[in-house]
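What follows is a short report on a single structure.
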Amino acid sequence: MINPPRVAFLTDTYHEVNGVALTSRQLQQCARRRGYPFLCVYGGAGDKREQFDSVKHVQLNRGPLAFNLDKGLRHDPVLWRYMGDLRAAIRAFKADIIHITSPGDVGEMGAVLAYQLKIPLVISWHTNFHEFGARRLDRMLSWLPDSVRNPICQASERHILNAMIRFYKIGRILFAPNDELIAMLEQRTGLPTFLMKRGIDANLYSPAKRTAHDGIFRLGYVGRITPEKSVRFLVDLERALLGLGLRSFRFLVVGDGSERDWLARNLKTADLPGVLRGEALAEAYANMDLFVFPSKTDTFGNVILEAMASGAPCVVTDQGGPKFIVDDGITGFSASTDAAFVRRVAEMMMSPELHAMMSAAARRQACRASWDAVFDDIYAAYDYALHGLGETAVLPT
């Protein structure tokens with residue numbers, strides 16, 4: 001790109017261990033490699049202003065009033081105290097476009113500044129907050145009968161989704177990580193919505209990192225260990241596999257969250273090392289023979305690509321984004337029911353030939369997922385936002 005736009009990228013999560021943070025870090029790295037002007041703004045512990053080649057970093061200190069939305073994911077209700085400083089930074093940077101990742105503490109500031117400074121606003125959809133909220137509420141109200149609890153949770157999910165749609169309507173264009181969400185956002189907002197995939201570092205995540213050679217079949221999970229990820233199903237899966245007479249297996253559950261202690265108490269054959277990063281995480285992936293991901297709320301699933309790059313086929317549900325990554329019957333399976341999920345896992349465990357074939361296919365598919373290709377698609381959409389539309393959207397009252 002001869003004259004790349006000057007992008008102010010404001011993300012609500014950057015240092016944390018999740019797909020949005022990973023994507024944010026990768027985008028700024030791509031911009032730096034190519035020499036594209038890029039202002040990266042995020043929250044963290046302490047104020048920082050750093051310049052790395054063409055990329056400027058602005059970290060806003062989340063203070064004592066910040067609270068956890070989830071383990072390691074914080075929100076500061078008074079981060080707005082930086083509004084003047086951030087306005088000045090975006091003006092000095094001469095941003096052509098502002099890109100935010102969600103309606104969090106940093107994203108809300110970006111939305112207001114885009115309106116005030118009359119800069120086109122791009123919003124990417126990463127998380128189905130409406131589904132997350134409904135599932136957590138369902139767990140909290142588990143003491144109520146289904147006839148009372150279900151309507152409450154359904155109403156909560158509708159209200160959260162409607163609020164999200166109102167927010168996303170203020171964008172000029174939108175990004176979404178899978179085709180279902182693209183269709184939903186275009187229908188609900190009337191805005192052009194572009195596919196925003198994810199890439200993979202196939203050198204970091206590789207079967208060559210494997211260190212386990214003890215003949216035990218390892219079923220792996222990586223991610224937040226929280227209710228919306230349906231992680232309690234792993235206990236049901238273990239019981240079902242034992243009931244089928246399968247014995248030589250263990251679970252390797254990497255991550256942290258509110259359900260971790262429950263899993264530690266209820267899984268009979270499991271290692272739960274907590275959060276891993278870098279080479280330790282790559283080694284854990286490579287030691288997994290099969291990646292099991294029971295979540296029904298993920299919009300993409302970076303962990304699926306990481307597992308596949310490491311040579312682990314995947315069994316996922318047929319709800320959410322992971323089913324768009326797994327080539328059903330080739331690199332893993334997409335299961336429509338819990339029983340089908342169990343059946344597919346058992347099938348993989350009992351057929352070394354099928355497992356070897358899918359392991360190789362998973363690695364090949366993941367190696368084709370390039371962050372540079374993702375970056376090119378995003379900048380093509382930026383160009384559309386700048387030159388393919390008229391007036392900037394107006395903030396709702």
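Ordered as shown in the structure tokens, chains take letters A, B, and onward, while each chain numbers its residues from 1 and ligands are numbered from 1 in the order shown.
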
Would you return as a PyMOL selection string the members of range 142-317 of chain A that DSSP assigns to helix (DSSP H, G or I) on this structure's backbone? chain A and resi 146-168+179-189+207-209+227-229+233-243+260-266+278-286+302-309

Leaving out Ile165 in chain A and any residue of its chain fewer than 5 positions from it, which residues lie within 9 Å of it when counting only C-alpha atoms, given as a PyMOL selection string? chain A and resi 160+185+188-189

Next, dump the selected residues to file, keeping only N, CA and C atoms, as a short mmCIF file (atom, residue, chain, number, x, y, z; two decimals), in the first residue's frame.
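Writing done, so here's again04.cif:
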data_model
loop_
_atom_site.label_atom_id
_atom_site.label_comp_id
_atom_site.auth_asym_id
_atom_site.auth_seq_id
_atom_site.Cartn_x
_atom_site.Cartn_y
_atom_site.Cartn_z
N ILE A 160 -29.30 -7.38 26.08
CA ILE A 160 -27.88 -7.11 25.88
C ILE A 160 -27.56 -7.01 24.40
N LEU A 185 -25.06 -8.86 11.71
CA LEU A 185 -24.74 -7.44 11.86
C LEU A 185 -25.23 -6.62 10.67
N ARG A 188 -29.02 -6.36 11.14
CA ARG A 188 -29.46 -5.58 12.29
C ARG A 188 -29.00 -4.12 12.26
N THR A 189 -27.84 -3.86 11.65
CA THR A 189 -27.30 -2.49 11.66
C THR A 189 -27.44 -1.79 10.32
#

Which residues come within 8 Å of Ala134 in chain A, counting only C-alpha atoms, excluding same-chain residues fewer than 5 positions away, as a PyMOL selection string? chain A and resi 153-154+156-157

Can you list, as an NGL selection string, every residue of range 159-364 of chain A that DSSP puts in strand (DSSP E or B)? :A and (173-176 or 193-195 or 217-222 or 249-254 or 270-274 or 290-293 or 298 or 314-317 or 328 or 332-335)

Need the shell around Ser310 in chain A: protein/DNA/RNA residues with any atom at most 7 Å away, counting only C-alpha atoms. Skip same-chain ones fewer than 6 positions apart. Format as a list of chain:residue names?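 Using only C-alpha atoms, the neighbours found are A:Tyr205, A:Ser206, A:Pro207, A:Tyr285, A:Ala286, A:Arg363.
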
Hey, which bits of range 91-125 of chain A sit within 10 Å of range 62-84 of chain A, and for each residue what's the closest pair of atoms and how far apart in Å (one decimal), counting only C-alpha atoms, rows by chain and increasing number, as a Markdown table?
| residue | atom | partner | partner_atom | distance |
| --- | --- | --- | --- | --- |
| A:Gly104 | CA | A:His75 | CA | 7.1 |
| A:Asp105 | CA | A:His75 | CA | 6.0 |
| A:Val106 | CA | A:Leu79 | CA | 7.5 |
| A:Glu108 | CA | A:Trp80 | CA | 9.0 |
| A:Met109 | CA | A:Met83 | CA | 6.9 |
| A:Gly110 | CA | A:Met83 | CA | 9.2 |
| A:Val112 | CA | A:Met83 | CA | 9.4 |
| A:Leu113 | CA | A:Met83 | CA | 8.3 |

What is the CA of Arg87 in chain A to CA of Arg49 in chain A distance in Å?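 Distance between the two atoms: 14.5 Å.
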
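Distance annotation: of A:Phe9, A:Phe175, A:Phe293, A:Trp125, the residue with the minimal separation from Ile90 in chain A is A:Phe9; atom set is only C-alpha atoms.
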
If you measure from CA of Arg32 in chain A to CA of Lys118 in chain A, what distance in Å do you get, rounded to one decimal?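 Here the two named atoms are 26.0 Å from each other.
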
Neighbours of range 352-357 of chain A within 12 Å (only C-alpha atoms; same-chain residues fewer than 6 positions away dropped), as a ChimeraX atom specification? /A:215,217,288-291,311-315,329-333,344-346,363-364

Nearby residues (only C-alpha atoms) at most 9 Å from Cys40 in chain A, same-chain spacing under 5 positions excluded, as an mmCIF file with C-alpha atoms, in the first residue's frame:
data_model
loop_
_atom_site.group_PDB
_atom_site.id
_atom_site.type_symbol
_atom_site.label_atom_id
_atom_site.label_comp_id
_atom_site.auth_asym_id
_atom_site.auth_seq_id
_atom_site.Cartn_x
_atom_site.Cartn_y
_atom_site.Cartn_z
ATOM 1 C CA VAL A 7 -4.947 4.214 12.045
ATOM 2 C CA ALA A 8 -5.737 4.920 15.690
ATOM 3 C CA PHE A 9 -6.470 1.471 17.129
ATOM 4 C CA LEU A 10 -8.155 1.500 20.551
ATOM 5 C CA THR A 11 -8.551 -1.887 22.201
ATOM 6 C CA SER A 24 -4.483 -6.484 18.772
ATOM 7 C CA GLN A 28 0.432 -3.578 15.620
ATOM 8 C CA VAL A 55 3.928 2.385 15.820
ATOM 9 C CA LYS A 56 3.157 4.562 18.825
ATOM 10 C CA HIS A 57 1.847 2.921 21.998
ATOM 11 C CA VAL A 58 -0.309 4.744 24.537
ATOM 12 C CA GLN A 59 -1.100 2.789 27.689
#

Considering only C-alpha atoms, return as number ranges by chain whatever protein or nucleic-acid residues lie within 10 Å of Lys94 in chain A, sequence-local ones (same chain, fewer than 6 positions apart) excluded. A: 5-8, 37, 39, 88, 119

Counting only C-alpha atoms, which residues in range 38-136 of chain A sit no more than 10 Å from range 372-383 of chain A? For each one, give the nearest pair of atoms and the distance in Å, sorted by chain then residue number, as a Markdown table.
| residue | atom | partner | partner_atom | distance |
| --- | --- | --- | --- | --- |
| A:Asp96 | CA | A:Tyr382 | CA | 9.5 |
| A:Ile97 | CA | A:Tyr382 | CA | 7.7 |
| A:Ile98 | CA | A:Tyr382 | CA | 9.7 |
| A:His99 | CA | A:Tyr382 | CA | 9.2 |
| A:Pro120 | CA | A:Tyr382 | CA | 9.4 |
| A:Leu121 | CA | A:Tyr382 | CA | 9.7 |
| A:Val122 | CA | A:Tyr382 | CA | 8.0 |

Please produce a file of the residues just selected, as a CSV table (one decimal), in the first residue's frame, where the atoms kept are N, CA and C atoms.
chain,number,residue,atom,x,y,z
A,96,ASP,N,-6.5,9.1,10.4
A,96,ASP,CA,-7.5,9.1,9.3
A,96,ASP,C,-8.7,8.2,9.7
A,97,ILE,N,-8.5,7.3,10.6
A,97,ILE,CA,-9.5,6.4,11.0
A,97,ILE,C,-9.3,5.9,12.4
A,98,ILE,N,-10.4,5.7,13.1
A,98,ILE,CA,-10.4,5.1,14.5
A,98,ILE,C,-11.0,3.8,14.4
A,99,HIS,N,-10.3,2.8,15.0
A,99,HIS,CA,-10.8,1.4,15.0
A,99,HIS,C,-10.9,1.0,16.5
A,120,PRO,N,-13.8,8.8,10.7
A,120,PRO,CA,-14.5,7.6,10.5
A,120,PRO,C,-14.2,6.6,11.5
A,121,LEU,N,-15.3,5.9,12.0
A,121,LEU,CA,-15.2,4.9,13.1
A,121,LEU,C,-15.4,3.5,12.5
A,122,VAL,N,-14.5,2.6,12.8
A,122,VAL,CA,-14.6,1.2,12.5
A,122,VAL,C,-14.7,0.4,13.8

Given only C-alpha atoms as the basis, pick out the residue of A:Leu281, A:Thr13, A:Cys30, A:Asp201 nearest to Gly43 in chain A. A:Thr13

Let me make sure I understand: among A:Gly133, A:Pro227, A:Gly257, A:Gly199, which one has the smallest atom-to-atom distance to Arg25 in chain A if we use only C-alpha atoms?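 So, comparing all the options, the nearest one is A:Gly199.
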
Point out the residue among A:Ser102, A:Ser258, A:Ser336, A:Asn18 with the least atom-to-atom distance to Gly301 in chain A, counting only C-alpha atoms.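 Under the stated criterion, the closest residue is A:Asn18.
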